[in-house]
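Novice: To start, I am sharing the structure in question, which I have written as structure tokens.
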Amino acid sequence: MISVVLRAKNEANWLGRCLTALTRQSVPDLDVILVDNDSTDNGVAIAERFGCQIRHIDRHEFSYGRALNRGIAAARHEAVALVSSHCVPVDDLWAAYLLAHLGPEGDGRVCGVYGRQEPLPETSAVDRRDLWTTFRDERVRQRQDYFFHNANSGIRKSIWHDQPFDEEIRGVEDREWGKRMIARGYEIVYEPMMRVYHHHGIHQGRDEGRAKRVAEVIDVIRTGKATS
């Protein structure tokens, strides 16, 4: 009933934990697709042991949006979860909360759902702060705010067919997609009970190079104009 797309590059240290948590979900028989980006570790072998579909994308063609689109194209179900392979569902209800919004009984106006991300004990203070202040305890139905986060999210494949992720932008493809969907009259749900552990947070500490790249892309999304 749910397909799960995992993106990975050298995530063997976390992938087994993520896949183990997926096997324990109350929703049975998840269809899991690993999109691997030229990994040099044994992540693909781990995924194969768990029975995952494997798709490859090399570094020359990689973009975050293109990797997602490749995985979603292979998905067998209408409800498609998008999860970073270093994120680990907190409990066995993660998939059930996703399906409540995107399954047959869900509201068709909802194009996507994203969930809470929680730190681990070893997560840095900067990343703990960012996770705790970004992901709140209250469920939110977004009709104007287009924030969306693909480290822990889900979409409807039927909507994706006509509105795939942008393959050209350098990240923040989730927010760009969210803005398009809101503009078309869809709604996005933040579901705080759909929880994952995310050890490095959403801003990866004080990485100035990454922050500059992300800020430039967000500026393009906000204004529709390329940065100078």
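Starting from 1 in every chain, residues are counted up; chains themselves are A, B, ... following the order of the structure tokens, and ligands are numbered from 1 as listed.
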Leaving out Val35 in chain A and any residue of its chain fewer than 5 positions from it, which residues lie within 9 Å of it when counting only C-alpha atoms, given as an mmCIF file with C-alpha atoms, in the first residue's frame?
Specialist:
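Saved file out.cif follows:
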data_model
loop_
_atom_site.group_PDB
_atom_site.id
_atom_site.type_symbol
_atom_site.label_atom_id
_atom_site.label_comp_id
_atom_site.auth_asym_id
_atom_site.auth_seq_id
_atom_site.Cartn_x
_atom_site.Cartn_y
_atom_site.Cartn_z
ATOM 1 C CA VAL A 5 11.972 5.846 -1.959
ATOM 2 C CA LEU A 6 15.354 6.103 -0.232
ATOM 3 C CA ARG A 7 18.184 8.220 -1.641
ATOM 4 C CA ALA A 8 21.682 7.154 -0.657
ATOM 5 C CA LYS A 9 25.339 7.919 -1.154
ATOM 6 C CA GLN A 53 14.390 -2.502 -5.664
ATOM 7 C CA ILE A 54 17.672 -0.861 -6.707
ATOM 8 C CA ARG A 55 17.973 2.102 -9.045
ATOM 9 C CA HIS A 56 21.233 3.876 -9.873
ATOM 10 C CA ILE A 57 22.096 7.477 -10.642
ATOM 11 C CA ALA A 67 17.103 10.988 -7.998
ATOM 12 C CA LEU A 68 13.637 11.293 -6.485
ATOM 13 C CA ARG A 70 13.845 7.978 -10.740
ATOM 14 C CA GLY A 71 12.725 6.285 -7.540
#
Novice: Excluding range 95-106 of chain A and any residue of its chain fewer than 5 positions from it, enumerate the residues within 12 Å of it, using only C-alpha atoms, and give them as a PyMOL selection string.
Specialist: chain A and resi 1-4+21-31+77-83+88-90+111-116+139+141+152-159+187-196
Novice: Skip Thr133 in chain A itself and residues of its chain fewer than 3 positions away, then list as a PDB file with C-alpha atoms, in the first residue's frame all residues within 12 Å of it, counting only C-alpha atoms.
Specialist:
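Saved as selection-v2.pdb:
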ATOM      1  CA  ARG A 116       8.636  15.439  12.500  1.00  0.00           C
ATOM      2  CA  GLN A 117      12.418  14.984  12.627  1.00  0.00           C
ATOM      3  CA  GLU A 118      13.985  14.303  15.998  1.00  0.00           C
ATOM      4  CA  PRO A 119      17.617  14.428  17.151  1.00  0.00           C
ATOM      5  CA  VAL A 126      23.091  23.461  16.689  1.00  0.00           C
ATOM      6  CA  ASP A 127      21.235  20.675  14.907  1.00  0.00           C
ATOM      7  CA  ARG A 128      19.135  19.810  17.976  1.00  0.00           C
ATOM      8  CA  ARG A 129      18.076  23.437  18.231  1.00  0.00           C
ATOM      9  CA  ASP A 130      17.121  23.589  14.549  1.00  0.00           C
ATOM     10  CA  ARG A 136       6.533  21.437  16.263  1.00  0.00           C
ATOM     11  CA  ASP A 137       4.028  19.309  18.180  1.00  0.00           C
ATOM     12  CA  GLY A 201      19.512  17.893  11.438  1.00  0.00           C
ATOM     13  CA  ILE A 202      18.178  19.888   8.517  1.00  0.00           C
TER      14      ILE A 202
END
Novice: Just to confirm, what's the straight-line distance from CA of Gly178 in chain A to CA of Trp132 in chain A in Å (one decimal)?
Specialist: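 Interatomic distance, CA of Gly178 in chain A to CA of Trp132 in chain A: 21.8 Å.
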Novice: For Leu19 in chain A, find every residue with an atom within 10 Å (counting only C-alpha atoms), except residues of its own chain fewer than 6 positions away, and show them as a ChimeraX atom specification.
Specialist: /A:6,32,46-47,50-52,85-89
Novice: Can you list every residue in range 36-203 of chain A that DSSP puts in strand (DSSP E), as a CSV table (one decimal) with N, CA and C atoms, in the first residue's frame?
Specialist:
chain,number,residue,atom,x,y,z
A,36,ASP,N,20.6,4.8,-5.6
A,36,ASP,CA,22.0,4.9,-5.1
A,36,ASP,C,22.8,5.8,-6.0
A,53,GLN,N,14.1,-2.8,-4.3
A,53,GLN,CA,14.4,-2.5,-5.7
A,53,GLN,C,15.6,-1.6,-5.7
A,54,ILE,N,16.5,-1.7,-6.6
A,54,ILE,CA,17.7,-0.9,-6.7
A,54,ILE,C,17.6,-0.1,-8.0
A,55,ARG,N,17.8,1.2,-7.9
A,55,ARG,CA,18.0,2.1,-9.0
A,55,ARG,C,19.3,2.9,-8.9
A,56,HIS,N,19.9,3.2,-10.0
A,56,HIS,CA,21.2,3.9,-9.9
A,56,HIS,C,21.2,5.2,-10.6
A,79,ALA,N,0.6,5.9,-2.8
A,79,ALA,CA,1.2,6.7,-1.7
A,79,ALA,C,2.7,6.3,-1.7
A,80,VAL,N,3.5,7.4,-1.9
A,80,VAL,CA,5.0,7.2,-2.0
A,80,VAL,C,5.7,8.0,-0.9
A,81,ALA,N,6.4,7.3,0.0
A,81,ALA,CA,7.1,8.0,1.0
A,81,ALA,C,8.5,8.3,0.5
A,82,LEU,N,9.0,9.5,0.8
A,82,LEU,CA,10.4,9.9,0.4
A,82,LEU,C,11.2,10.1,1.7
A,83,VAL,N,12.2,9.3,1.9
A,83,VAL,CA,13.0,9.3,3.1
A,83,VAL,C,14.5,9.3,2.9
A,84,SER,N,15.2,10.2,3.6
A,84,SER,CA,16.7,10.1,3.5
A,84,SER,C,17.1,8.8,4.2
A,87,CYS,N,17.8,8.6,7.8
A,87,CYS,CA,16.7,8.8,8.8
A,87,CYS,C,16.1,7.5,9.2
A,88,VAL,N,15.7,7.4,10.4
A,88,VAL,CA,15.2,6.1,11.0
A,88,VAL,C,13.8,6.4,11.6
A,89,PRO,N,12.7,5.7,11.1
A,89,PRO,CA,11.4,5.9,11.7
A,89,PRO,C,11.5,5.5,13.2
A,110,VAL,N,-5.1,16.9,-0.4
A,110,VAL,CA,-3.7,16.9,0.2
A,110,VAL,C,-2.8,16.2,-0.8
A,111,CYS,N,-1.8,16.9,-1.3
A,111,CYS,CA,-0.9,16.4,-2.2
A,111,CYS,C,0.3,15.7,-1.6
A,112,GLY,N,0.6,16.2,-0.3
A,112,GLY,CA,1.8,15.7,0.3
A,112,GLY,C,1.7,15.8,1.8
A,113,VAL,N,2.5,15.1,2.5
A,113,VAL,CA,2.6,15.1,4.0
A,113,VAL,C,4.1,15.0,4.4
A,114,TYR,N,4.5,15.8,5.4
A,114,TYR,CA,5.8,15.6,5.9
A,114,TYR,C,5.8,15.5,7.4
A,115,GLY,N,6.8,14.9,8.0
A,115,GLY,CA,6.7,14.6,9.4
A,115,GLY,C,7.8,15.2,10.2
A,116,ARG,N,7.7,14.9,11.5
A,116,ARG,CA,8.6,15.4,12.5
A,116,ARG,C,10.0,14.8,12.4
A,117,GLN,N,11.1,15.5,12.6
A,117,GLN,CA,12.4,15.0,12.6
A,117,GLN,C,13.0,15.2,14.0
A,118,GLU,N,13.5,14.2,14.6
A,118,GLU,CA,14.0,14.3,16.0
A,118,GLU,C,15.5,14.0,16.1
A,140,VAL,N,-0.4,20.6,11.2
A,140,VAL,CA,-0.7,21.9,10.5
A,140,VAL,C,-1.1,21.5,9.1
A,141,ARG,N,-2.2,22.1,8.6
A,141,ARG,CA,-2.7,22.0,7.2
A,141,ARG,C,-2.3,23.3,6.5
A,142,GLN,N,-1.4,23.1,5.5
A,142,GLN,CA,-0.8,24.3,4.9
A,142,GLN,C,-1.5,24.6,3.6
A,152,ASN,N,11.7,13.3,5.2
A,152,ASN,CA,10.6,12.5,5.9
A,152,ASN,C,9.3,13.0,5.3
A,153,SER,N,8.9,12.5,4.2
A,153,SER,CA,7.7,13.0,3.6
A,153,SER,C,7.0,11.9,2.7
A,154,GLY,N,5.9,12.3,2.2
A,154,GLY,CA,5.1,11.4,1.3
A,154,GLY,C,4.3,12.2,0.3
A,155,ILE,N,4.1,11.7,-0.9
A,155,ILE,CA,3.3,12.4,-1.9
A,155,ILE,C,2.4,11.3,-2.6
A,156,ARG,N,1.5,11.8,-3.4
A,156,ARG,CA,0.6,11.0,-4.3
A,156,ARG,C,1.3,10.8,-5.6
A,187,GLU,N,-3.1,21.1,-0.9
A,187,GLU,CA,-2.7,21.4,0.5
A,187,GLU,C,-1.6,20.4,0.9
A,188,ILE,N,-0.8,20.9,1.9
A,188,ILE,CA,0.3,20.1,2.4
A,188,ILE,C,0.0,19.9,3.9
A,189,VAL,N,0.2,18.7,4.5
A,189,VAL,CA,0.0,18.5,5.9
A,189,VAL,C,1.3,18.2,6.6
A,190,TYR,N,1.6,18.9,7.7
A,190,TYR,CA,2.6,18.6,8.6
A,190,TYR,C,2.0,17.7,9.7
A,191,GLU,N,2.6,16.4,9.7
A,191,GLU,CA,2.1,15.4,10.7
A,191,GLU,C,3.1,15.1,11.7
A,192,PRO,N,3.0,15.7,12.9
A,192,PRO,CA,4.1,15.5,13.9
A,192,PRO,C,4.2,14.1,14.5
A,193,MET,N,3.2,13.3,14.3
A,193,MET,CA,3.3,11.9,14.7
A,193,MET,C,4.0,11.0,13.7
A,194,MET,N,4.3,11.5,12.5
A,194,MET,CA,5.1,10.7,11.5
A,194,MET,C,6.6,11.1,11.8
A,195,ARG,N,7.2,10.3,12.7
A,195,ARG,CA,8.5,10.8,13.2
A,195,ARG,C,9.7,9.9,12.8
A,196,VAL,N,10.8,10.6,12.5
A,196,VAL,CA,12.0,9.9,12.2
A,196,VAL,C,13.1,10.6,13.1
A,197,TYR,N,14.2,9.8,13.4
A,197,TYR,CA,15.4,10.3,13.9
A,197,TYR,C,16.3,10.8,12.7
A,198,HIS,N,16.9,12.0,12.9
A,198,HIS,CA,17.7,12.6,11.8
A,198,HIS,C,19.0,13.1,12.5
Novice: Name all residues at most 8 Å from Phe147 in chain A (count only C-alpha atoms; drop same-chain ones fewer than 6 positions away) and give them as JSON, numbers by chain.
Specialist: {"A": [174, 175, 178, 179]}
Novice: Identify all residues of range 72-202 of chain A in helix (DSSP H, G or I) (DSSP on the backbone) and supply them as an MDAnalysis selection string.
Specialist: chainID A and resid 72:73 94:102 125:134 157:162 173:183
